[in-house]
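A.B. asks: Got query00.cif for you, mmCIF, C-alpha atoms and all ligand atoms:
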```
data_final
#
loop_
_atom_site.group_PDB
_atom_site.id
_atom_site.type_symbol
_atom_site.label_atom_id
_atom_site.label_comp_id
_atom_site.auth_asym_id
_atom_site.auth_seq_id
_atom_site.Cartn_x
_atom_site.Cartn_y
_atom_site.Cartn_z
ATOM 1 C CA MET M 1 -34.938 13.293 -26.338
ATOM 2 C CA VAL M 2 -33.880 12.161 -29.798
ATOM 3 C CA ASN M 3 -36.063 9.645 -31.663
ATOM 4 C CA GLY M 4 -37.689 8.696 -28.391
ATOM 5 C CA HIS M 5 -34.357 7.848 -26.741
ATOM 6 C CA LEU M 6 -32.592 9.833 -24.103
ATOM 7 C CA ARG M 7 -29.409 11.193 -25.607
ATOM 8 C CA LEU M 8 -26.934 11.032 -22.763
ATOM 9 C CA HIS M 9 -23.835 12.347 -24.504
ATOM 10 C CA SER M 10 -22.982 14.601 -27.358
ATOM 11 C CA CYS M 11 -19.627 14.560 -29.094
ATOM 12 C CA LEU M 12 -17.229 17.132 -27.627
ATOM 13 C CA LEU M 13 -15.832 17.826 -31.083
ATOM 14 C CA CYS M 14 -18.797 17.843 -33.497
ATOM 15 C CA ALA M 15 -21.798 17.926 -31.082
ATOM 16 C CA GLY M 16 -23.309 14.886 -32.816
ATOM 17 C CA PRO M 17 -24.567 11.899 -30.798
ATOM 18 C CA ALA M 18 -21.767 10.150 -28.940
ATOM 19 C CA GLU M 19 -21.180 7.036 -26.923
ATOM 20 C CA ALA M 20 -20.079 7.013 -23.298
ATOM 21 C CA LEU M 21 -16.660 8.247 -24.391
ATOM 22 C CA ALA M 22 -18.083 11.705 -25.257
ATOM 23 C CA LEU M 23 -16.713 11.450 -28.785
ATOM 24 C CA CYS M 24 -18.605 10.073 -31.756
ATOM 25 C CA ARG M 25 -17.058 7.155 -33.629
ATOM 26 C CA ALA M 26 -16.022 9.311 -36.619
ATOM 27 C CA CYS M 27 -14.274 11.954 -34.491
ATOM 28 C CA ARG M 28 -12.549 9.233 -32.458
ATOM 29 C CA ASP M 29 -11.262 7.524 -35.604
ATOM 30 C CA ASP M 30 -10.027 10.886 -36.911
ATOM 31 C CA LEU M 31 -7.889 11.662 -33.839
ATOM 32 C CA PRO M 32 -4.113 11.962 -34.481
ATOM 33 C CA TRP M 33 -3.222 8.522 -33.065
ATOM 34 C CA ASN M 34 0.431 8.072 -32.183
ATOM 35 C CA GLY M 35 0.537 4.631 -33.749
ATOM 36 C CA SER M 36 4.213 4.204 -34.510
ATOM 37 C CA ALA M 37 6.364 5.688 -31.762
ATOM 38 C CA CYS M 38 9.563 5.148 -29.787
ATOM 39 C CA PRO M 39 8.654 2.768 -26.924
ATOM 40 C CA ARG M 40 10.906 4.607 -24.454
ATOM 41 C CA CYS M 41 9.881 8.228 -25.102
ATOM 42 C CA ALA M 42 6.797 7.961 -27.391
ATOM 43 C CA LEU M 43 8.347 10.221 -30.025
ATOM 44 C CA PRO M 44 6.342 9.690 -33.224
ATOM 45 C CA LEU M 45 8.489 7.664 -35.659
ATOM 46 C CA GLY M 46 8.034 6.239 -39.117
ATOM 47 C CA PRO M 47 6.717 2.674 -39.268
ATOM 48 C CA GLY M 48 9.241 -0.094 -38.677
ATOM 49 C CA ARG M 49 11.641 1.993 -36.579
ATOM 50 C CA GLN M 50 12.455 0.843 -33.078
ATOM 51 C CA LEU M 51 14.060 3.298 -30.618
ATOM 52 C CA CYS M 52 14.498 6.949 -31.598
ATOM 53 C CA ALA M 53 18.034 8.272 -32.074
ATOM 54 C CA ALA M 54 18.054 10.108 -28.736
ATOM 55 C CA CYS M 55 17.004 7.009 -26.732
ATOM 56 C CA LEU M 56 19.500 4.817 -28.600
ATOM 57 C CA GLU M 57 22.326 7.216 -27.826
ATOM 58 C CA ARG M 58 21.367 7.822 -24.225
ATOM 59 C CA PRO M 59 18.741 5.508 -22.705
ATOM 60 C CA PRO M 60 16.345 7.610 -20.608
ATOM 61 C CA LEU M 61 15.312 6.909 -17.016
ATOM 62 C CA GLN M 62 11.810 5.811 -17.923
ATOM 63 C CA ALA M 63 11.366 2.219 -19.050
ATOM 64 C CA ARG M 64 8.463 3.132 -21.302
ATOM 65 C CA THR M 65 6.226 6.012 -22.338
ATOM 66 C CA LEU M 66 2.601 5.509 -23.277
ATOM 67 C CA ALA M 67 1.190 8.407 -25.299
ATOM 68 C CA PRO M 68 -1.759 7.301 -27.421
ATOM 69 C CA LEU M 69 -2.082 10.600 -29.315
ATOM 70 C CA ARG M 70 0.075 13.172 -31.059
ATOM 71 C CA TYR M 71 -0.297 16.711 -29.756
ATOM 72 C CA GLU M 72 -2.028 18.065 -32.839
ATOM 73 C CA PHE M 73 -5.506 19.322 -33.695
ATOM 74 C CA PRO M 74 -7.988 18.588 -32.133
ATOM 75 C CA VAL M 75 -6.098 17.028 -29.195
ATOM 76 C CA ASP M 76 -4.322 20.349 -28.534
ATOM 77 C CA HIS M 77 -7.738 22.024 -28.165
ATOM 78 C CA LEU M 78 -9.042 19.340 -25.813
ATOM 79 C CA VAL M 79 -5.936 19.602 -23.610
ATOM 80 C CA ALA M 80 -5.829 23.416 -23.655
ATOM 81 C CA GLY M 81 -9.546 23.485 -22.773
ATOM 82 C CA LEU M 82 -8.879 21.372 -19.703
ATOM 83 C CA LYS M 83 -5.719 23.191 -18.727
ATOM 84 C CA TYR M 84 -6.573 26.816 -19.299
ATOM 85 C CA HIS M 85 -10.343 27.146 -19.711
ATOM 86 C CA ARG M 86 -11.763 25.008 -16.894
ATOM 87 C CA ARG M 87 -13.230 22.461 -19.317
ATOM 88 C CA LEU M 88 -13.064 19.753 -16.663
ATOM 89 C CA GLU M 89 -15.424 17.551 -18.700
ATOM 90 C CA HIS M 90 -12.454 16.924 -21.017
ATOM 91 C CA ALA M 91 -10.592 15.046 -18.256
ATOM 92 C CA PRO M 92 -12.678 11.819 -18.275
ATOM 93 C CA LEU M 93 -12.386 11.683 -22.060
ATOM 94 C CA LEU M 94 -8.598 12.160 -22.016
ATOM 95 C CA GLY M 95 -8.334 9.674 -19.142
ATOM 96 C CA THR M 96 -10.328 7.095 -21.096
ATOM 97 C CA LEU M 97 -8.157 7.489 -24.195
ATOM 98 C CA LEU M 98 -5.112 6.936 -21.992
ATOM 99 C CA ARG M 99 -6.742 3.952 -20.244
ATOM 100 C CA ASP M 100 -7.331 2.209 -23.587
ATOM 101 C CA ALA M 101 -3.626 2.580 -24.399
ATOM 102 C CA VAL M 102 -2.657 1.228 -20.966
ATOM 103 C CA LEU M 103 -4.949 -1.782 -21.305
ATOM 104 C CA ALA M 104 -3.385 -2.583 -24.659
ATOM 105 C CA ALA M 105 0.070 -2.609 -23.020
ATOM 106 C CA ASP M 106 1.240 -5.302 -20.578
ATOM 107 C CA ALA M 107 2.128 -5.252 -16.829
ATOM 108 C CA LEU M 108 0.579 -2.518 -14.719
ATOM 109 C CA PRO M 109 2.501 -0.424 -12.178
ATOM 110 C CA CYS M 110 1.673 -0.472 -8.471
ATOM 111 C CA LEU M 111 1.119 3.266 -8.154
ATOM 112 C CA LEU M 112 -0.124 6.149 -10.297
ATOM 113 C CA LEU M 113 1.543 9.475 -9.626
ATOM 114 C CA PRO M 114 0.048 12.546 -11.291
ATOM 115 C CA LEU M 115 2.704 15.180 -11.920
ATOM 116 C CA ALA M 116 2.346 17.777 -9.179
ATOM 117 C CA LEU M 117 1.807 21.484 -9.759
ATOM 118 C CA HIS M 118 3.479 24.056 -7.570
ATOM 119 C CA ARG M 119 1.002 25.273 -4.955
ATOM 120 C CA ASP M 120 0.964 28.816 -6.394
ATOM 121 C CA ARG M 121 -0.025 27.513 -9.816
ATOM 122 C CA LEU M 122 -2.560 25.167 -8.215
ATOM 123 C CA ALA M 123 -4.095 28.078 -6.316
ATOM 124 C CA GLU M 124 -4.241 30.133 -9.494
ATOM 125 C CA ARG M 125 -5.788 27.378 -11.649
ATOM 126 C CA GLY M 126 -7.900 25.753 -8.956
ATOM 127 C CA TYR M 127 -7.134 22.190 -10.065
ATOM 128 C CA ASN M 128 -4.297 20.047 -11.382
ATOM 129 C CA GLN M 129 -5.068 18.801 -14.884
ATOM 130 C CA ALA M 130 -2.765 15.779 -14.447
ATOM 131 C CA LEU M 131 -4.744 14.723 -11.363
ATOM 132 C CA GLU M 132 -8.050 15.280 -13.189
ATOM 133 C CA ILE M 133 -6.868 12.891 -15.931
ATOM 134 C CA ALA M 134 -5.367 10.388 -13.463
ATOM 135 C CA ARG M 135 -8.428 10.136 -11.224
ATOM 136 C CA PRO M 136 -10.854 8.408 -13.652
ATOM 137 C CA LEU M 137 -7.912 6.405 -15.002
ATOM 138 C CA ALA M 138 -7.021 5.015 -11.549
ATOM 139 C CA ARG M 139 -10.671 4.162 -10.942
ATOM 140 C CA ALA M 140 -10.986 2.359 -14.284
ATOM 141 C CA LEU M 141 -7.778 0.389 -13.764
ATOM 142 C CA GLY M 142 -8.295 -0.271 -10.047
ATOM 143 C CA LEU M 143 -4.865 1.163 -9.220
ATOM 144 C CA PRO M 144 -3.951 3.385 -6.257
ATOM 145 C CA LEU M 145 -3.570 7.077 -6.989
ATOM 146 C CA GLU M 146 -0.891 8.761 -4.895
ATOM 147 C CA THR M 147 -1.206 12.508 -4.488
ATOM 148 C CA ARG M 148 0.829 13.210 -1.356
ATOM 149 C CA LEU M 149 4.214 11.749 -2.243
ATOM 150 C CA LEU M 150 5.465 13.970 -5.035
ATOM 151 C CA TYR M 151 5.466 17.739 -4.703
ATOM 152 C CA ARG M 152 6.888 20.669 -6.523
ATOM 153 C CA HIS M 153 8.882 22.957 -4.313
ATOM 154 C CA ARG M 154 9.916 25.485 -6.902
ATOM 155 C CA ALA M 155 7.610 27.334 -9.265
ATOM 156 C CA THR M 156 8.735 27.047 -12.874
ATOM 157 C CA ALA M 157 7.709 29.136 -15.865
ATOM 158 C CA PRO M 158 5.082 27.502 -18.078
ATOM 159 C CA GLN M 159 6.931 25.164 -20.477
ATOM 160 C CA MET M 160 5.173 26.496 -23.579
ATOM 161 C CA SER M 161 6.528 30.010 -22.989
ATOM 162 C CA LEU M 162 10.192 28.938 -23.116
ATOM 163 C CA ASP M 163 12.506 28.054 -25.973
ATOM 164 C CA ALA M 164 13.791 24.471 -26.217
ATOM 165 C CA ALA M 165 17.077 25.063 -24.365
ATOM 166 C CA ALA M 166 15.421 26.913 -21.477
ATOM 167 C CA ARG M 167 12.712 24.252 -21.382
ATOM 168 C CA ALA M 168 15.247 21.466 -21.041
ATOM 169 C CA ARG M 169 16.971 23.027 -18.019
ATOM 170 C CA ASN M 170 13.974 24.728 -16.414
ATOM 171 C CA PRO M 171 12.493 21.923 -14.262
ATOM 172 C CA ASP M 172 15.787 20.757 -12.695
ATOM 173 C CA ASP M 173 15.291 19.983 -9.032
ATOM 174 C CA ALA M 174 11.743 21.282 -9.148
ATOM 175 C CA PHE M 175 10.398 18.166 -7.430
ATOM 176 C CA ALA M 176 10.822 16.503 -4.084
ATOM 177 C CA LEU M 177 9.275 13.588 -2.240
ATOM 178 C CA ASP M 178 7.484 13.824 1.083
ATOM 179 C CA GLU M 179 9.743 11.745 3.318
ATOM 180 C CA ASN M 180 6.996 10.787 5.781
ATOM 181 C CA ARG M 181 4.741 9.666 2.986
ATOM 182 C CA LEU M 182 7.586 7.722 1.394
ATOM 183 C CA ALA M 183 8.263 5.882 4.677
ATOM 184 C CA ARG M 184 4.579 5.059 5.035
ATOM 185 C CA LEU M 185 4.292 3.673 1.504
ATOM 186 C CA GLY M 186 7.279 1.365 1.988
ATOM 187 C CA ARG M 187 9.023 -0.147 -1.007
ATOM 188 C CA ILE M 188 7.709 1.144 -4.327
ATOM 189 C CA SER M 189 8.858 -0.904 -7.288
ATOM 190 C CA ARG M 190 6.788 0.277 -10.264
ATOM 191 C CA VAL M 191 5.368 3.743 -10.809
ATOM 192 C CA ALA M 192 3.563 5.471 -13.656
ATOM 193 C CA LEU M 193 3.977 9.250 -13.776
ATOM 194 C CA ILE M 194 0.934 10.884 -15.335
ATOM 195 C CA ASP M 195 0.692 14.161 -17.207
ATOM 196 C CA ASP M 196 -1.373 15.685 -19.979
ATOM 197 C CA VAL M 197 1.297 16.328 -22.620
ATOM 198 C CA MET M 198 4.958 15.392 -23.031
ATOM 199 C CA THR M 199 7.032 17.931 -24.945
ATOM 200 C CA THR M 200 10.760 17.528 -24.266
ATOM 201 C CA GLY M 201 10.050 15.307 -21.275
ATOM 202 C CA ALA M 202 12.275 17.502 -19.076
ATOM 203 C CA THR M 203 9.571 18.004 -16.432
ATOM 204 C CA LEU M 204 8.748 14.306 -16.259
ATOM 205 C CA ALA M 205 12.474 13.495 -16.115
ATOM 206 C CA ALA M 206 12.920 15.846 -13.142
ATOM 207 C CA ALA M 207 10.190 13.948 -11.278
ATOM 208 C CA ALA M 208 11.607 10.581 -12.388
ATOM 209 C CA ARG M 209 15.042 11.501 -11.000
ATOM 210 C CA VAL M 210 13.736 12.006 -7.459
ATOM 211 C CA LEU M 211 11.832 8.712 -7.673
ATOM 212 C CA ALA M 212 14.896 6.849 -8.943
ATOM 213 C CA ARG M 213 16.987 8.360 -6.143
ATOM 214 C CA ALA M 214 14.390 7.009 -3.674
ATOM 215 C CA GLY M 215 14.877 3.509 -5.074
ATOM 216 C CA VAL M 216 11.941 3.162 -7.477
ATOM 217 C CA GLU M 217 13.193 0.665 -10.053
ATOM 218 C CA HIS M 218 10.657 0.875 -12.835
ATOM 219 C CA ILE M 219 9.292 4.242 -13.947
ATOM 220 C CA GLU M 220 6.878 4.752 -16.823
ATOM 221 C CA TYR M 221 5.400 7.935 -18.258
ATOM 222 C CA TRP M 222 1.735 7.928 -19.170
ATOM 223 C CA VAL M 223 0.641 11.014 -21.048
ATOM 224 C CA VAL M 224 -2.338 11.686 -23.255
ATOM 225 C CA ALA M 225 -0.337 13.248 -26.065
ATOM 226 C CA ARG M 226 3.218 13.636 -27.327
ATOM 227 C CA THR M 227 4.490 16.553 -29.363
ATOM 228 C CA PRO M 228 6.046 15.322 -32.636
HETATM 229 ZN ZN ZN A 301 -17.978 13.903 -33.358
HETATM 230 ZN ZN ZN A 302 12.864 7.686 -27.799
#
```
What would the structure in this file look like if it were written as structure tokens?
Ligand SMILES: [Zn+2]
Ligand SMILES: [Zn+2]

C.D. replies:
Amino acid sequence: MVNGHLRLHSCLLCAGPAEALALCRACRDDLPWNGSACPRCALPLGPGRQLCAACLERPPLQARTLAPLRYEFPVDHLVAGLKYHRRLEHAPLLGTLLRDAVLAADALPCLLLPLALHRDRLAERGYNQALEIARPLARALGLPLETRLLYRHRATAPQMSLDAAARARNPDDAFALDENRLARLGRISRVALIDDVMTTGATLAAAARVLARAGVEHIEYWVVARTP
């Protein structure tokens, strides 16, 4: 009890009183917002620039990437807490920050697909952080969450432990689609692939390739944060 009122939330960053978001207004305003970014890959850009050089030269598979935050302090701590230290209470917060970015954008996809973990990594961690972020997001947006279509049939080394060149080739052919599930779902036109952080985008691109091969026309990436 604080001043006679029940305090339902405290800020995850400063422990002060917070709103339903679990961040106080000041900490929320101070987050590293990715305000001016490439619309295709969410790479942080200077104001006034349109596509980044890489997307101009070679348009990527995804039609758009939504990444409301840059992967900097304290977002890196919030994500690492969820991913490596079982801080599952960070997932609704990260999902809400992503939801606000989605609501500010236009047309919604028909399906949300959290990026799958290989079953060995899932067994080791006990949960998939992308699914933990996608679950409250799907609920808030009223969109179906599909967890049985995309799977990872090859374990890959954690992206952070590799250099850029190894990272770019590492996830090739790591993903596959469950054919029975695909047949049951019928035609899928628009999909949003969901993950916590986008670094080079190689992992997301590997998943996007199998979806494109299956005839999905419009693929978007929705991630909480983008590395600059
Ligand atoms: Zn705070
Ligand atoms: Zn770009």

A.B. asks: Would you mind listing, for every residue of chain M within 6 Å of ligand ZN 302 (chain A), the two atoms forming the shortest contact and the distance between them in Å to one decimal, using only C-alpha atoms and all ligand atoms, sorted by chain and ascending residue number, as a tab-separated table?

C.D. replies:
```
residue	atom	partner	partner_atom	distance
M:Cys38	CA	A:ZN302	ZN	4.6
M:Arg40	CA	A:ZN302	ZN	5.0
M:Cys41	CA	A:ZN302	ZN	4.1
M:Leu43	CA	A:ZN302	ZN	5.6
M:Leu51	CA	A:ZN302	ZN	5.4
M:Cys52	CA	A:ZN302	ZN	4.2
M:Ala54	CA	A:ZN302	ZN	5.8
M:Cys55	CA	A:ZN302	ZN	4.3
```

A.B. asks: Next, the residues of the selection above should be written as a compact mmCIF listing (two decimals), in the coordinates of the input with C-alpha atoms.

C.D. replies:
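Once everything was written out, this is part_33.txt:
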```txt
# COMPACT_ATOMS: atom_id res chain seq x y z
CA CYS M 38 9.56 5.15 -29.79
CA ARG M 40 10.91 4.61 -24.45
CA CYS M 41 9.88 8.23 -25.10
CA LEU M 43 8.35 10.22 -30.02
CA LEU M 51 14.06 3.30 -30.62
CA CYS M 52 14.50 6.95 -31.60
CA ALA M 54 18.05 10.11 -28.74
CA CYS M 55 17.00 7.01 -26.73
```

A.B. asks: Output the neighbourhood of ligand ZN 301 (chain A) as a PDB file with C-alpha atoms, in the coordinates of the input, that is, all protein and nucleic acid residues with some atom at most 9 Å from the ligand, counting only C-alpha atoms and all ligand atoms.

C.D. replies:
```pdb
ATOM      1  CA  SER M  10     -22.982  14.601 -27.358  1.00  0.00           C
ATOM      2  CA  CYS M  11     -19.627  14.560 -29.094  1.00  0.00           C
ATOM      3  CA  LEU M  12     -17.229  17.132 -27.627  1.00  0.00           C
ATOM      4  CA  LEU M  13     -15.832  17.826 -31.083  1.00  0.00           C
ATOM      5  CA  CYS M  14     -18.797  17.843 -33.497  1.00  0.00           C
ATOM      6  CA  ALA M  15     -21.798  17.926 -31.082  1.00  0.00           C
ATOM      7  CA  GLY M  16     -23.309  14.886 -32.816  1.00  0.00           C
ATOM      8  CA  PRO M  17     -24.567  11.899 -30.798  1.00  0.00           C
ATOM      9  CA  ALA M  18     -21.767  10.150 -28.940  1.00  0.00           C
ATOM     10  CA  ALA M  22     -18.083  11.705 -25.257  1.00  0.00           C
ATOM     11  CA  LEU M  23     -16.713  11.450 -28.785  1.00  0.00           C
ATOM     12  CA  CYS M  24     -18.605  10.073 -31.756  1.00  0.00           C
ATOM     13  CA  ARG M  25     -17.058   7.155 -33.629  1.00  0.00           C
ATOM     14  CA  ALA M  26     -16.022   9.311 -36.619  1.00  0.00           C
ATOM     15  CA  CYS M  27     -14.274  11.954 -34.491  1.00  0.00           C
ATOM     16  CA  ARG M  28     -12.549   9.233 -32.458  1.00  0.00           C
TER      17      ARG M  28
END
```

A.B. asks: Could you give me, as a VMD selection string, the residues within 8 Å of M:Ala116, counting all atoms listed in the file and dropping anything in the same chain fewer than 4 positions from it?

C.D. replies: chain M and resid 128 130 147 150 to 152

A.B. asks: If we draw a sphere of 10 Å around (-6.3, 19.5, -38.0), which residues have at least one atom in it when counting all atoms listed in the file? Please report them as a list in words.

C.D. replies: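 Residues with an atom at most 10 Å from (-6.3, 19.5, -38.0): Asp30, Leu31, Pro32, Glu72, Phe73, Pro74, Val75 and Asp76 of chain M.
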
A.B. asks: May I have the selected residues written with C-alpha atoms, as a compact mmCIF listing (two decimals), keeping the file's coordinate frame?

C.D. replies:
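Final file, part38.txt:
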```txt
# COMPACT_ATOMS: atom_id res chain seq x y z
CA ASP M 30 -10.03 10.89 -36.91
CA LEU M 31 -7.89 11.66 -33.84
CA PRO M 32 -4.11 11.96 -34.48
CA GLU M 72 -2.03 18.07 -32.84
CA PHE M 73 -5.51 19.32 -33.70
CA PRO M 74 -7.99 18.59 -32.13
CA VAL M 75 -6.10 17.03 -29.20
CA ASP M 76 -4.32 20.35 -28.53
```

A.B. asks: In Å to one decimal, how far is atom CA of M:Leu61 from atom CA of M:Pro228?

C.D. replies: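 Between these atoms lies a distance of 20.0 Å.
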
A.B. asks: When you count only C-alpha atoms, which of these residues is closest to M:Val191: M:Ala225, M:Leu143, M:Leu131, M:Ala67?

C.D. replies: M:Leu143

A.B. asks: List the residues selected by the PyMOL selection byres (((chain M and resi 190) around 9) and not hetatm) in the file shown, writing them as a list in words.

C.D. replies: Leu108, Pro109, Cys110, Leu111, Ile188, Ser189, Val191, Ala192, Val216, Glu217, His218, Ile219 and Glu220 of chain M

A.B. asks: Under the rule that only C-alpha atoms are counted, which of M:Leu149, M:Leu78, M:Leu93, M:Ala105 is the nearest residue to M:Ala20?

C.D. replies: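 Result for the nearest residue to M:Ala20: M:Leu93.
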
A.B. asks: Calculated over all atoms listed in the file, which of the candidates M:Met198, M:His77, M:Ala53, M:Pro92 has the smallest distance to M:Glu132?

C.D. replies: M:Pro92

A.B. asks: Distance atom CA of M:Gly81-atom CA of M:Ala42, one decimal place?

C.D. replies: 23.0 Å

A.B. asks: Residues picked by the PyMOL selection byres (((chain M and resi 136) around 12) and not hetatm) here, as a PyMOL selection string?

C.D. replies: chain M and resi 88-99+112+114+129-135+137-145

A.B. asks: Record the distance separating atom CA of M:His85 and atom CA of M:Val197, expressed in Å with one decimal.

C.D. replies: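 Going from atom CA of M:His85 over to atom CA of M:Val197 covers 16.2 Å.
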
A.B. asks: Counting all atoms listed in the file, which of M:Leu117, M:Val224, M:Ala80, M:Glu146 gets nearest to M:Arg181?

C.D. replies: M:Glu146

A.B. asks: If you apply the PyMOL selection byres (((chain M and resi 200-210) around 7) and not hetatm) to this file, what residues do you get, as JSON, numbers by chain?

C.D. replies: {"M": [61, 168, 171, 172, 173, 174, 175, 176, 198, 199, 211, 212, 213, 214, 219]}

A.B. asks: Which is closest to M:Thr65 among M:Leu193, M:Leu122, M:Leu103, M:Leu82, if we use all atoms listed in the file?

C.D. replies: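 Of M:Leu193, M:Leu122, M:Leu103, M:Leu82, the one nearest M:Thr65, counting all atoms listed in the file, is M:Leu193.
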
A.B. asks: Reconstruct N, CA, C and O atoms of stretch 83-99 of chain M from the incomplete input and present them as a compact mmCIF listing (two decimals), keeping the file's coordinate frame.

C.D. replies:
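So rebuild19.txt came out as:
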```txt
# COMPACT_ATOMS: atom_id res chain seq x y z
N LYS M 83 -6.80 22.55 -19.48
CA LYS M 83 -5.72 23.19 -18.73
C LYS M 83 -5.97 24.67 -18.44
O LYS M 83 -5.68 25.15 -17.37
N TYR M 84 -6.50 25.37 -19.44
CA TYR M 84 -6.57 26.82 -19.30
C TYR M 84 -7.99 27.38 -19.28
O TYR M 84 -8.16 28.56 -19.00
N HIS M 85 -8.99 26.59 -19.62
CA HIS M 85 -10.34 27.15 -19.71
C HIS M 85 -11.37 26.39 -18.87
O HIS M 85 -12.56 26.42 -19.18
N ARG M 86 -10.89 25.69 -17.84
CA ARG M 86 -11.76 25.01 -16.89
C ARG M 86 -12.73 24.03 -17.55
O ARG M 86 -13.82 23.79 -17.04
N ARG M 87 -12.35 23.46 -18.70
CA ARG M 87 -13.23 22.46 -19.32
C ARG M 87 -12.94 21.11 -18.67
O ARG M 87 -12.34 20.22 -19.27
N LEU M 88 -13.39 20.96 -17.43
CA LEU M 88 -13.06 19.75 -16.66
C LEU M 88 -13.73 18.51 -17.25
O LEU M 88 -13.31 17.39 -16.98
N GLU M 89 -14.76 18.70 -18.07
CA GLU M 89 -15.42 17.55 -18.70
C GLU M 89 -14.51 16.89 -19.74
O GLU M 89 -14.80 15.79 -20.19
N HIS M 90 -13.40 17.56 -20.10
CA HIS M 90 -12.45 16.92 -21.02
C HIS M 90 -11.61 15.86 -20.31
O HIS M 90 -11.05 14.98 -20.96
N ALA M 91 -11.49 15.95 -18.98
CA ALA M 91 -10.59 15.05 -18.26
C ALA M 91 -11.01 13.58 -18.36
O ALA M 91 -10.16 12.72 -18.64
N PRO M 92 -12.31 13.25 -18.14
CA PRO M 92 -12.68 11.82 -18.27
C PRO M 92 -12.43 11.29 -19.69
O PRO M 92 -12.03 10.13 -19.85
N LEU M 93 -12.64 12.12 -20.69
CA LEU M 93 -12.39 11.68 -22.06
C LEU M 93 -10.90 11.39 -22.26
O LEU M 93 -10.51 10.33 -22.76
N LEU M 94 -10.04 12.34 -21.84
CA LEU M 94 -8.60 12.16 -22.02
C LEU M 94 -8.12 10.97 -21.19
O LEU M 94 -7.28 10.18 -21.64
N GLY M 95 -8.68 10.81 -19.99
CA GLY M 95 -8.33 9.67 -19.14
C GLY M 95 -8.73 8.35 -19.78
O GLY M 95 -8.00 7.36 -19.68
N THR M 96 -9.87 8.33 -20.45
CA THR M 96 -10.33 7.10 -21.10
C THR M 96 -9.45 6.74 -22.29
O THR M 96 -9.12 5.56 -22.51
N LEU M 97 -9.04 7.75 -23.05
CA LEU M 97 -8.16 7.49 -24.20
C LEU M 97 -6.82 6.92 -23.70
O LEU M 97 -6.26 6.00 -24.31
N LEU M 98 -6.35 7.44 -22.58
CA LEU M 98 -5.11 6.94 -21.99
C LEU M 98 -5.32 5.52 -21.44
O LEU M 98 -4.48 4.64 -21.63
N ARG M 99 -6.45 5.28 -20.80
CA ARG M 99 -6.74 3.95 -20.24
C ARG M 99 -6.71 2.88 -21.34
O ARG M 99 -6.16 1.80 -21.16
```
